[in-house]
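File shown: run_8.cif. Contents: mmCIF, C-alpha atoms and all ligand atoms.
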```
data_start
loop_
_atom_site.label_atom_id
_atom_site.label_comp_id
_atom_site.auth_asym_id
_atom_site.auth_seq_id
_atom_site.Cartn_x
_atom_site.Cartn_y
_atom_site.Cartn_z
CA MET A 1 0.00 0.00 0.00
CA THR A 2 1.21 3.52 -0.80
CA LEU A 3 1.00 5.98 2.09
CA LYS A 4 -1.01 9.01 0.95
CA ILE A 5 0.42 12.19 2.39
CA GLY A 6 -0.98 15.70 2.84
CA VAL A 7 1.60 18.51 3.17
CA ILE A 8 0.83 21.78 4.99
CA GLY A 9 3.21 24.58 3.93
CA THR A 10 4.84 24.57 0.51
CA GLY A 11 7.74 26.95 1.14
CA ALA A 12 11.42 26.06 1.18
CA ILE A 13 11.45 22.82 3.18
CA GLY A 14 7.88 21.91 2.18
CA GLN A 15 9.04 21.79 -1.45
CA GLU A 16 12.09 19.74 -0.43
CA HIS A 17 9.98 17.17 1.44
CA ILE A 18 7.39 16.97 -1.37
CA ARG A 19 10.21 16.39 -3.87
CA ARG A 20 11.81 13.69 -1.74
CA CYS A 21 8.46 11.90 -1.13
CA GLU A 22 7.86 11.87 -4.89
CA ASN A 23 11.33 11.25 -6.31
CA VAL A 24 13.59 9.80 -3.65
CA LEU A 25 11.69 7.87 -0.99
CA GLN A 26 9.78 4.60 -1.24
CA GLY A 27 6.17 3.82 -0.38
CA ALA A 28 4.54 7.26 -0.23
CA LYS A 29 2.97 9.86 -2.47
CA VAL A 30 1.73 13.41 -1.93
CA VAL A 31 -2.01 13.60 -2.66
CA ALA A 32 -2.87 17.04 -1.25
CA VAL A 33 -1.05 20.19 -0.24
CA SER A 34 -2.00 23.40 1.50
CA ASP A 35 -0.53 26.87 1.81
CA ILE A 36 -2.00 30.24 2.77
CA ASN A 37 -0.42 31.23 -0.52
CA VAL A 38 -2.48 28.73 -2.49
CA GLU A 39 -1.18 30.00 -5.84
CA GLY A 40 2.35 29.29 -4.63
CA ALA A 41 1.26 25.78 -3.67
CA ARG A 42 -0.14 25.21 -7.19
CA THR A 43 3.06 26.48 -8.77
CA THR A 44 5.10 24.11 -6.60
CA LEU A 45 3.00 21.15 -7.76
CA GLN A 46 3.39 22.21 -11.39
CA HIS A 47 7.17 22.58 -11.08
CA LEU A 48 7.46 19.17 -9.48
CA ASN A 49 4.98 17.70 -11.97
CA ILE A 50 2.73 16.34 -9.22
CA ASP A 51 -0.94 15.62 -9.69
CA ALA A 52 -2.40 16.65 -6.30
CA GLU A 53 -5.03 19.05 -4.97
CA SER A 54 -4.10 22.43 -3.41
CA TYR A 55 -6.01 24.00 -0.52
CA ALA A 56 -5.73 27.29 1.37
CA ASP A 57 -6.62 25.74 4.73
CA GLY A 58 -4.39 23.08 6.27
CA HIS A 59 -7.29 21.74 8.35
CA HIS A 60 -9.06 20.82 5.11
CA VAL A 61 -6.10 18.62 4.14
CA ILE A 62 -6.07 16.91 7.55
CA GLN A 63 -9.78 16.04 7.20
CA LEU A 64 -9.56 14.59 3.66
CA PRO A 65 -10.51 10.88 3.84
CA GLU A 66 -7.91 9.99 1.19
CA VAL A 67 -5.05 11.47 3.29
CA ASP A 68 -3.37 8.86 5.55
CA ALA A 69 -0.60 11.00 7.10
CA ILE A 70 0.39 14.66 7.43
CA ILE A 71 3.64 16.58 6.97
CA VAL A 72 3.66 20.02 8.63
CA THR A 73 6.12 22.44 7.00
CA SER A 74 4.37 25.74 7.63
CA TRP A 75 5.76 28.50 9.91
CA ASP A 76 6.89 27.66 13.43
CA GLN A 77 3.90 29.27 15.17
CA THR A 78 1.41 27.04 13.27
CA HIS A 79 2.97 23.66 14.17
CA GLU A 80 1.16 23.08 17.45
CA GLU A 81 -2.27 23.78 15.94
CA PHE A 82 -1.84 21.46 12.93
CA THR A 83 -0.20 18.69 14.93
CA LEU A 84 -3.04 18.75 17.47
CA ALA A 85 -5.59 18.62 14.63
CA ALA A 86 -3.82 15.62 13.07
CA ILE A 87 -3.84 13.79 16.42
CA GLU A 88 -7.54 14.64 16.83
CA ALA A 89 -8.14 13.08 13.38
CA GLY A 90 -6.08 10.02 14.40
CA LYS A 91 -3.54 10.64 11.60
CA PRO A 92 0.25 10.23 11.96
CA VAL A 93 2.05 13.55 11.58
CA PHE A 94 5.63 14.45 10.74
CA CYS A 95 5.99 17.97 12.16
CA GLU A 96 9.00 20.08 11.25
CA LYS A 97 10.94 21.60 14.13
CA PRO A 98 10.07 23.22 16.44
CA LEU A 99 7.07 21.22 17.67
CA GLY A 100 5.76 24.47 19.17
CA ILE A 101 7.07 27.90 19.97
CA SER A 102 6.83 27.34 23.74
CA ALA A 103 7.08 24.40 26.11
CA GLU A 104 3.45 24.98 27.06
CA GLY A 105 2.39 24.53 23.42
CA CYS A 106 4.49 21.36 23.06
CA ARG A 107 3.01 20.01 26.30
CA HIS A 108 -0.47 20.29 24.73
CA VAL A 109 0.74 17.99 21.94
CA VAL A 110 2.30 15.53 24.41
CA ASN A 111 -0.94 15.44 26.44
CA ALA A 112 -3.09 14.93 23.31
CA GLU A 113 -0.86 12.12 22.07
CA ILE A 114 -0.85 10.33 25.43
CA LYS A 115 -4.67 10.66 25.50
CA HIS A 116 -4.83 9.15 22.01
CA GLY A 117 -2.91 6.17 23.42
CA LYS A 118 -0.35 5.62 20.65
CA ARG A 119 2.49 7.68 19.23
CA LEU A 120 1.37 9.63 16.15
CA VAL A 121 4.01 12.40 16.09
CA GLN A 122 7.56 12.50 14.71
CA VAL A 123 9.39 15.83 15.04
CA GLY A 124 11.69 16.93 12.20
CA PHE A 125 14.92 16.78 14.18
CA MET A 126 17.10 15.28 11.43
CA ARG A 127 20.55 15.45 13.01
CA PRO A 128 20.27 12.10 14.82
CA TYR A 129 20.04 10.59 11.29
CA ASP A 130 23.20 12.36 10.04
CA THR A 131 26.14 9.98 9.49
CA GLY A 132 28.60 12.34 11.19
CA TYR A 133 26.50 12.80 14.33
CA ARG A 134 25.85 9.05 14.45
CA ALA A 135 29.61 8.41 14.33
CA LEU A 136 30.13 10.90 17.18
CA LYS A 137 27.41 9.21 19.23
CA LYS A 138 29.05 5.80 18.71
CA ILE A 139 32.43 7.15 19.86
CA ILE A 140 30.82 8.55 23.00
CA THR A 141 28.86 5.40 23.82
CA ASP A 142 31.61 2.88 23.08
CA GLY A 143 33.99 4.73 25.42
CA SER A 144 36.71 5.41 22.79
CA ILE A 145 37.54 8.82 24.34
CA GLY A 146 36.77 7.98 27.96
CA GLU A 147 34.22 9.80 30.06
CA LEU A 148 32.62 12.81 28.40
CA LEU A 149 33.77 16.21 29.76
CA MET A 150 32.90 19.02 27.30
CA LEU A 151 31.39 19.81 23.90
CA HIS A 152 32.19 22.84 21.73
CA CYS A 153 29.60 23.57 19.03
CA ALA A 154 28.78 26.19 16.42
CA HIS A 155 25.66 26.74 14.29
CA ARG A 156 26.41 29.25 11.56
CA ASN A 157 24.09 30.39 8.77
CA PRO A 158 25.37 32.73 6.05
CA THR A 159 22.49 35.19 6.43
CA VAL A 160 18.89 35.49 7.67
CA PRO A 161 16.00 37.75 6.58
CA GLU A 162 14.86 40.95 8.37
CA SER A 163 11.96 39.02 9.91
CA TYR A 164 14.41 36.89 11.96
CA THR A 165 14.69 38.11 15.59
CA THR A 166 16.95 37.55 18.62
CA ASP A 167 14.62 34.93 20.15
CA MET A 168 14.50 32.96 16.86
CA ALA A 169 18.22 32.26 17.24
CA ILE A 170 16.98 30.02 20.07
CA THR A 171 13.53 28.78 19.01
CA ASN A 172 14.25 28.35 15.28
CA THR A 173 18.01 27.70 15.08
CA LEU A 174 19.53 26.51 18.39
CA ILE A 175 16.52 24.16 18.73
CA HIS A 176 18.49 21.65 16.58
CA GLU A 177 21.34 21.64 19.12
CA LEU A 178 18.84 21.52 21.99
CA ASP A 179 17.65 18.20 20.60
CA VAL A 180 20.86 16.67 19.28
CA LEU A 181 22.90 17.47 22.40
CA ARG A 182 20.40 15.63 24.65
CA TRP A 183 20.63 12.71 22.25
CA LEU A 184 24.44 12.77 21.98
CA THR A 185 25.08 13.02 25.71
CA ASN A 186 22.08 10.91 26.79
CA ASP A 187 21.51 13.57 29.43
CA GLU A 188 19.25 16.52 30.27
CA TYR A 189 20.07 20.21 30.71
CA LYS A 190 20.67 21.50 34.25
CA THR A 191 21.44 25.20 33.66
CA VAL A 192 21.88 27.65 30.80
CA GLN A 193 23.43 31.08 30.33
CA VAL A 194 23.36 33.26 27.20
CA ILE A 195 26.17 35.69 26.41
CA PHE A 196 26.04 38.40 23.75
CA PRO A 197 29.43 39.24 22.21
CA ARG A 198 29.95 42.28 20.01
CA VAL A 199 27.13 42.43 17.40
CA THR A 200 28.11 41.88 13.76
CA SER A 201 27.51 44.83 11.43
CA LYS A 202 25.83 42.31 9.07
CA SER A 203 22.89 41.88 11.49
CA HIS A 204 19.49 43.56 11.45
CA SER A 205 17.96 45.92 14.00
CA ARG A 206 15.84 43.24 15.74
CA LEU A 207 18.58 40.61 15.94
CA LYS A 208 21.54 40.43 18.30
CA ASP A 209 23.96 38.20 16.42
CA PRO A 210 26.08 36.22 17.37
CA GLN A 211 25.15 34.63 20.69
CA ILE A 212 26.98 32.13 22.89
CA VAL A 213 24.93 29.65 24.90
CA LEU A 214 26.57 27.83 27.82
CA PHE A 215 25.01 24.69 29.27
CA GLU A 216 25.67 22.52 32.26
CA MET A 217 24.24 19.03 31.88
CA GLN A 218 22.80 17.07 34.81
CA LYS A 219 25.84 14.72 34.82
CA GLY A 220 28.24 17.70 34.90
CA VAL A 221 29.27 17.89 31.21
CA ARG A 222 29.73 21.51 30.03
CA ILE A 223 28.69 22.65 26.53
CA ASP A 224 29.23 25.89 24.64
CA VAL A 225 27.27 26.65 21.46
CA GLU A 226 27.95 29.65 19.22
CA ILE A 227 24.92 30.69 17.17
CA PHE A 228 25.96 33.04 14.37
CA VAL A 229 23.28 33.41 11.71
CA ASN A 230 24.89 36.17 9.60
CA CYS A 231 28.36 34.66 9.44
CA SER A 232 28.51 35.54 5.71
CA TYR A 233 30.88 32.79 4.60
CA GLY A 234 28.67 29.67 4.48
CA TYR A 235 26.48 27.14 6.31
CA ASP A 236 28.73 25.64 8.92
CA ILE A 237 27.79 23.18 11.66
CA GLN A 238 30.53 22.26 14.13
CA CYS A 239 30.62 19.90 17.07
CA GLU A 240 33.70 18.79 18.98
CA VAL A 241 33.45 16.34 21.85
CA VAL A 242 36.14 16.28 24.53
CA GLY A 243 36.55 13.15 26.64
CA GLU A 244 39.06 12.14 29.33
CA THR A 245 41.38 10.40 26.87
CA GLY A 246 40.68 12.03 23.50
CA THR A 247 38.51 14.27 21.36
CA ALA A 248 36.17 13.63 18.43
CA LYS A 249 34.97 16.13 15.85
CA LEU A 250 31.94 16.11 13.52
CA PRO A 251 33.37 15.33 10.07
CA GLU A 252 33.34 18.09 7.45
CA PRO A 253 30.96 17.31 4.54
CA ALA A 254 32.87 15.67 1.67
CA SER A 255 34.34 18.25 -0.71
CA VAL A 256 36.93 17.95 -3.46
CA GLN A 257 40.30 19.50 -2.65
CA LEU A 258 41.17 22.11 -5.25
CA ARG A 259 44.67 23.28 -6.16
CA SER A 260 44.56 26.46 -8.16
CA GLU A 261 46.20 29.91 -8.29
CA ALA A 262 48.83 28.96 -5.71
CA LYS A 263 46.20 27.83 -3.20
CA ILE A 264 44.87 24.51 -1.87
CA TYR A 265 41.23 24.69 -0.78
CA THR A 266 37.88 22.98 -0.35
CA THR A 267 34.48 24.67 -0.58
CA ILE A 268 32.01 25.16 2.29
CA GLN A 269 28.30 24.48 1.79
CA THR A 270 25.94 27.44 1.87
CA ASN A 271 22.60 26.00 3.03
CA TRP A 272 20.87 23.42 5.21
CA LYS A 273 19.28 21.69 2.20
CA ASP A 274 22.63 20.42 0.95
CA ARG A 275 24.27 19.92 4.35
CA PHE A 276 21.61 17.54 5.65
CA THR A 277 20.07 16.07 2.46
CA ALA A 278 20.83 12.47 3.40
CA ALA A 279 19.59 12.96 6.97
CA TYR A 280 16.29 14.46 5.74
CA ASP A 281 15.86 11.48 3.39
CA ILE A 282 16.42 8.97 6.19
CA GLU A 283 14.20 10.74 8.78
CA LEU A 284 11.23 10.88 6.39
CA GLN A 285 11.73 7.35 5.08
CA THR A 286 11.78 6.19 8.71
CA PHE A 287 8.46 7.99 9.33
CA ILE A 288 6.89 6.43 6.21
CA ASN A 289 8.16 2.94 7.06
CA ASP A 290 7.07 3.15 10.70
CA VAL A 291 3.57 4.37 9.79
CA LYS A 292 3.17 1.66 7.16
CA ALA A 293 4.40 -1.04 9.55
CA GLY A 294 1.63 -0.01 11.95
CA GLY A 295 3.78 -0.36 15.06
CA GLU A 296 5.36 2.37 17.16
CA LEU A 297 6.95 5.44 15.60
CA THR A 298 10.70 5.39 16.33
CA GLY A 299 11.84 8.89 15.29
CA PRO A 300 12.21 11.97 17.53
CA SER A 301 9.05 12.12 19.63
CA ALA A 302 6.69 14.81 20.87
CA TRP A 303 8.49 14.41 24.21
CA ASP A 304 11.80 15.23 22.47
CA GLY A 305 10.09 18.29 20.97
CA PHE A 306 8.82 19.25 24.43
CA ALA A 307 12.19 18.70 26.16
CA ALA A 308 13.98 20.87 23.57
CA SER A 309 11.33 23.52 24.01
CA VAL A 310 11.67 23.54 27.83
CA ALA A 311 15.39 24.27 27.30
CA ALA A 312 14.54 26.89 24.63
CA ASP A 313 12.16 28.71 27.01
CA THR A 314 14.94 28.80 29.60
CA CYS A 315 17.41 30.16 27.01
CA LEU A 316 14.93 32.96 26.24
CA LYS A 317 14.76 33.76 29.95
CA ALA A 318 18.57 33.70 30.14
CA GLN A 319 18.82 36.04 27.12
CA LYS A 320 16.91 38.63 29.13
CA SER A 321 18.36 38.06 32.61
CA GLY A 322 22.01 37.48 31.69
CA ALA A 323 22.00 35.04 34.63
CA ILE A 324 22.62 31.29 34.86
CA GLU A 325 19.08 29.90 34.72
CA PRO A 326 17.98 26.43 35.91
CA VAL A 327 16.28 24.22 33.31
CA GLU A 328 13.31 22.49 34.90
CA ILE A 329 12.13 19.40 33.02
CA SER A 330 9.68 16.92 34.50
CA GLN A 331 10.14 13.14 34.46
CA CYS A 332 9.68 11.58 30.97
CA PRO A 333 6.32 9.72 30.97
CA ALA A 334 6.51 5.92 30.60
CA PHE A 335 4.56 6.37 27.34
CA TYR A 336 7.74 7.78 25.73
CA ALA A 337 10.21 5.32 27.25
CA LYS A 338 12.41 4.00 24.40
CA LYS A 339 11.33 0.44 23.68
P1 LIG B 401 9.02 29.21 4.27
O1 LIG B 401 8.60 30.55 4.72
O2 LIG B 401 9.90 29.07 3.08
O3 LIG B 401 7.73 28.29 4.02
C1 LIG B 401 6.67 28.21 4.91
C2 LIG B 401 5.39 28.13 4.11
O4 LIG B 401 4.31 27.89 5.02
C3 LIG B 401 5.07 29.42 3.35
O5 LIG B 401 4.85 29.10 1.99
C4 LIG B 401 3.83 29.96 4.04
O6 LIG B 401 2.96 30.63 3.17
C5 LIG B 401 3.21 28.67 4.56
N1 LIG B 401 2.28 28.86 5.67
C6 LIG B 401 2.42 29.67 6.73
N2 LIG B 401 1.36 29.57 7.54
C7 LIG B 401 0.54 28.65 6.99
C8 LIG B 401 -0.71 28.10 7.36
N3 LIG B 401 -1.36 28.48 8.47
N4 LIG B 401 -1.25 27.16 6.57
C9 LIG B 401 -0.62 26.77 5.43
N5 LIG B 401 0.56 27.27 5.02
C10 LIG B 401 1.14 28.20 5.79
O7 LIG B 401 9.71 28.53 5.54
P2 LIG B 401 10.62 27.22 5.56
O8 LIG B 401 12.05 27.62 5.60
O9 LIG B 401 10.17 26.26 4.54
O10 LIG B 401 10.30 26.66 7.02
C11 LIG B 401 9.08 26.00 7.27
C12 LIG B 401 9.21 25.25 8.59
O11 LIG B 401 10.21 24.25 8.49
C13 LIG B 401 9.62 26.16 9.75
O12 LIG B 401 8.90 25.76 10.88
C14 LIG B 401 11.10 25.90 9.94
O13 LIG B 401 11.52 26.03 11.29
C15 LIG B 401 11.23 24.45 9.47
N6 LIG B 401 12.52 24.17 8.83
C16 LIG B 401 13.24 23.10 9.23
C17 LIG B 401 14.49 22.86 8.68
C18 LIG B 401 15.30 21.74 9.20
O14 LIG B 401 16.52 21.78 9.05
N7 LIG B 401 14.71 20.72 9.78
C19 LIG B 401 15.04 23.70 7.63
C20 LIG B 401 14.16 24.77 7.23
C21 LIG B 401 12.95 24.99 7.82
C1 LIG B 402 16.14 26.74 9.65
O1 LIG B 402 14.78 26.83 9.94
C2 LIG B 402 16.65 25.37 9.94
O2 LIG B 402 16.02 24.57 10.56
C3 LIG B 402 18.06 25.17 9.60
O3 LIG B 402 18.44 23.83 9.76
C4 LIG B 402 18.84 26.08 10.53
O4 LIG B 402 20.22 25.97 10.26
C5 LIG B 402 18.41 27.52 10.35
O5 LIG B 402 19.10 28.33 11.30
C6 LIG B 402 16.91 27.67 10.57
O6 LIG B 402 16.53 29.01 10.32
#
```

What does this structure look like when you write it as structure tokens?
Ligand code: NAI
Ligand code: ISE
Amino acid sequence: MTLKIGVIGTGAIGQEHIRRCENVLQGAKVVAVSDINVEGARTTLQHLNIDAESYADGHHVIQLPEVDAIIVTSWDQTHEEFTLAAIEAGKPVFCEKPLGISAEGCRHVVNAEIKHGKRLVQVGFMRPYDTGYRALKKIITDGSIGELLMLHCAHRNPTVPESYTTDMAITNTLIHELDVLRWLTNDEYKTVQVIFPRVTSKSHSRLKDPQIVLFEMQKGVRIDVEIFVNCSYGYDIQCEVVGETGTAKLPEPASVQLRSEAKIYTTIQTNWKDRFTAAYDIELQTFINDVKAGGELTGPSAWDGFAASVAADTCLKAQKSGAIEPVEISQCPAFYAKK
């Protein structure tokens, strides 16, 4: 059976996920899409040569009897609403990050899913599917560098639009680290502090860029993350793990070494689409396979979305206070215990 998917939001990543469902992945097809810019949605379908219906209202897509599962790729602030509606309709939903723009919103999703009685939500945290991060995780868990002490990370985007604000550095960008660092360290956040260095002249009036976020984990590991979203030179994701007997670094994406004009160099990628293509493919194929198998979803859960959002809320508080703020996360419900 082919899984029939409805996509809400046909912007940048919506188009990427529609394309991969149609041309790359196995066992699914897009049968309906929605965007508040319905003309844009139609144009997307034409460009990708897909025979599907376009709607202005995402709720319409969720209710269509022919739609088996939902992908939410609309703006951050709409995710909670559409994910809750999909759960209400009993339909599995792949929701792009963040699950919600506050922990309270994510908690509504967790509560609705627990009430439904079976996992229906996978959050679009793709880094745990990236080969480099998986290699780092293996090195940490097999003890190759001894006990974990520190991590040094950077999340750099070349540029962001005027609409991007200081808090989005946390809720829209750092949210990836907030998930992947819990996963890498198998630990939860204890405290967080946000430091603002000198602001780049490339930034906009409503964005303080860059920012440095310092974490203490519950087991004592310390982590620093630089978020720099107008770094100008490329899309650059860094993660170095320091253990008692060695260090391990996220591999650079493969790039041909060029020798020309008395220089040796490799190129740096410029966007998330290229940097994490393979990881996006695997996360969505996993969702499709899990839904079709009819068992439990195995990808990042609504609880993972909630836990990242609890840390994000605390980062926002720390942005304002300048203080070291405690991260208060409740016990993970048995419902989300990894089987
Ligand atoms: P975008 O602005 O290019 O596209 C979003 C689309 O959603 C727009 O076409 C907009 O008209 C539509 N939209 C907004 N509200 C809607 C509503 N109520 N109903 C239907 N359509 C609606 O943004 P982009 O970059 O594609 O991001 C979309 C989401 O995906 C964001 O939540 C973002 O955080 C996430 N994202 C995740 C990435 C990842 O690495 N996992 C990468 C890029 C985006
Ligand atoms: C974007 O929404 C993403 O999720 C990208 O992966 C991230 O690098 C970027 O900062 C976000 O704006």

message: Give me, as a count of residues only, the set of residues whose atoms come within 8 Å of any atom of ligand LIG 402 (chain B), counting all atoms listed in the file.
response: 16

message: Please identify all protein, DNA and RNA residues within 6 Å of ligand LIG 401 (chain B), counting only C-alpha atoms and all ligand atoms, and report them as a PyMOL selection string.
response: chain A and resi 8-14+34-37+57-58+73-76+78+96-97+124-125+172

Quick one: write out the picked residues with C-alpha atoms as a PDB file, in the coordinates of the input?
```
ATOM      1  CA  ILE A   8       0.830  21.780   4.990  1.00  0.00           C
ATOM      2  CA  GLY A   9       3.210  24.580   3.930  1.00  0.00           C
ATOM      3  CA  THR A  10       4.840  24.570   0.510  1.00  0.00           C
ATOM      4  CA  GLY A  11       7.740  26.950   1.140  1.00  0.00           C
ATOM      5  CA  ALA A  12      11.420  26.060   1.180  1.00  0.00           C
ATOM      6  CA  ILE A  13      11.450  22.820   3.180  1.00  0.00           C
ATOM      7  CA  GLY A  14       7.880  21.910   2.180  1.00  0.00           C
ATOM      8  CA  SER A  34      -2.000  23.400   1.500  1.00  0.00           C
ATOM      9  CA  ASP A  35      -0.530  26.870   1.810  1.00  0.00           C
ATOM     10  CA  ILE A  36      -2.000  30.240   2.770  1.00  0.00           C
ATOM     11  CA  ASN A  37      -0.420  31.230  -0.520  1.00  0.00           C
ATOM     12  CA  ASP A  57      -6.620  25.740   4.730  1.00  0.00           C
ATOM     13  CA  GLY A  58      -4.390  23.080   6.270  1.00  0.00           C
ATOM     14  CA  THR A  73       6.120  22.440   7.000  1.00  0.00           C
ATOM     15  CA  SER A  74       4.370  25.740   7.630  1.00  0.00           C
ATOM     16  CA  TRP A  75       5.760  28.500   9.910  1.00  0.00           C
ATOM     17  CA  ASP A  76       6.890  27.660  13.430  1.00  0.00           C
ATOM     18  CA  THR A  78       1.410  27.040  13.270  1.00  0.00           C
ATOM     19  CA  GLU A  96       9.000  20.080  11.250  1.00  0.00           C
ATOM     20  CA  LYS A  97      10.940  21.600  14.130  1.00  0.00           C
ATOM     21  CA  GLY A 124      11.690  16.930  12.200  1.00  0.00           C
ATOM     22  CA  PHE A 125      14.920  16.780  14.180  1.00  0.00           C
ATOM     23  CA  ASN A 172      14.250  28.350  15.280  1.00  0.00           C
TER      24      ASN A 172
END
```

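Picture a line from atom CA of A:Ile139 to atom CA of A:Pro98; it runs 27.7 Å.
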
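Residue neighbourhood of stretch 87-92 of chain A, excluding near-sequence residues (fewer than 3 positions): Asp68, Ala69, Ile70, Thr83, Leu84, Glu113, Leu120 and Val121 of chain A, at 7 Å, using only C-alpha atoms.
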
message: Please report the interatomic distance between atom CA of A:Ile195 and atom CA of A:Gly322 in Å with one decimal.
response: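 Going from atom CA of A:Ile195 over to atom CA of A:Gly322 covers 7.0 Å.
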
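Among A:Arg127, A:Lys208, A:His152, A:His17, the residue with the shortest atom-to-atom distance to A:Val194, counting only C-alpha atoms, is A:Lys208.
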
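Minimum atom-to-atom distance to A:Lys190, evaluated using all atoms listed in the file, belongs to A:Leu214 out of A:Met150, A:Met126, A:Cys21, A:Leu214.
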
task: Would you mind reading off the distance between atom CA of A:Asp313 and atom CA of A:Asn186, one decimal, in Å?
output: 20.4 Å

- request: Find the residues around A:Ala103 up to 7 Å (all atoms listed in the file counted), leave out those fewer than 4 positions away in its own chain, and share them as a PyMOL selection string.
  value: chain A and resi 107+306+309-310+313

Because the input lacks atoms here, generate N, CA and C atoms for stretch 164-183 of chain A and report them as a short mmCIF file (atom, residue, chain, number, x, y, z; two decimals), in the coordinates of the input.
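The new file part.cif reads:
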```cif
data_model
loop_
_atom_site.label_atom_id
_atom_site.label_comp_id
_atom_site.auth_asym_id
_atom_site.auth_seq_id
_atom_site.Cartn_x
_atom_site.Cartn_y
_atom_site.Cartn_z
N TYR A 164 13.79 37.78 10.97
CA TYR A 164 14.41 36.89 11.96
C TYR A 164 14.86 37.72 13.17
N THR A 165 14.44 37.30 14.39
CA THR A 165 14.69 38.11 15.59
C THR A 165 15.59 37.36 16.59
N THR A 166 16.01 38.11 17.63
CA THR A 166 16.95 37.55 18.62
C THR A 166 16.44 36.23 19.23
N ASP A 167 15.14 36.17 19.53
CA ASP A 167 14.62 34.93 20.15
C ASP A 167 14.61 33.77 19.15
N MET A 168 14.51 34.05 17.84
CA MET A 168 14.50 32.96 16.86
C MET A 168 15.86 32.24 16.78
N ALA A 169 16.91 32.94 17.19
CA ALA A 169 18.22 32.26 17.24
C ALA A 169 18.11 31.03 18.15
N ILE A 170 17.22 31.14 19.16
CA ILE A 170 16.98 30.02 20.07
C ILE A 170 15.89 29.08 19.52
N THR A 171 14.69 29.65 19.29
CA THR A 171 13.53 28.78 19.01
C THR A 171 13.57 28.16 17.62
N ASN A 172 14.24 28.82 16.66
CA ASN A 172 14.25 28.35 15.28
C ASN A 172 15.58 27.71 14.88
N THR A 173 16.69 28.17 15.51
CA THR A 173 18.01 27.70 15.08
C THR A 173 18.66 26.79 16.12
N LEU A 174 18.89 27.32 17.33
CA LEU A 174 19.53 26.51 18.39
C LEU A 174 18.70 25.26 18.71
N ILE A 175 17.40 25.29 18.40
CA ILE A 175 16.52 24.16 18.73
C ILE A 175 17.11 22.83 18.21
N HIS A 176 17.84 22.88 17.08
CA HIS A 176 18.49 21.65 16.58
C HIS A 176 19.51 21.14 17.59
N GLU A 177 20.36 22.07 18.12
CA GLU A 177 21.34 21.64 19.12
C GLU A 177 20.63 21.17 20.39
N LEU A 178 19.54 21.88 20.75
CA LEU A 178 18.84 21.52 21.99
C LEU A 178 18.35 20.08 21.93
N ASP A 179 18.02 19.61 20.73
CA ASP A 179 17.65 18.20 20.60
C ASP A 179 18.89 17.31 20.50
N VAL A 180 19.79 17.63 19.57
CA VAL A 180 20.86 16.67 19.28
C VAL A 180 21.83 16.52 20.45
N LEU A 181 21.97 17.57 21.27
CA LEU A 181 22.90 17.47 22.40
C LEU A 181 22.33 16.58 23.52
N ARG A 182 21.03 16.59 23.71
CA ARG A 182 20.40 15.63 24.65
C ARG A 182 20.65 14.21 24.16
N TRP A 183 20.49 14.04 22.84
CA TRP A 183 20.63 12.71 22.25
C TRP A 183 22.08 12.23 22.32
#
```
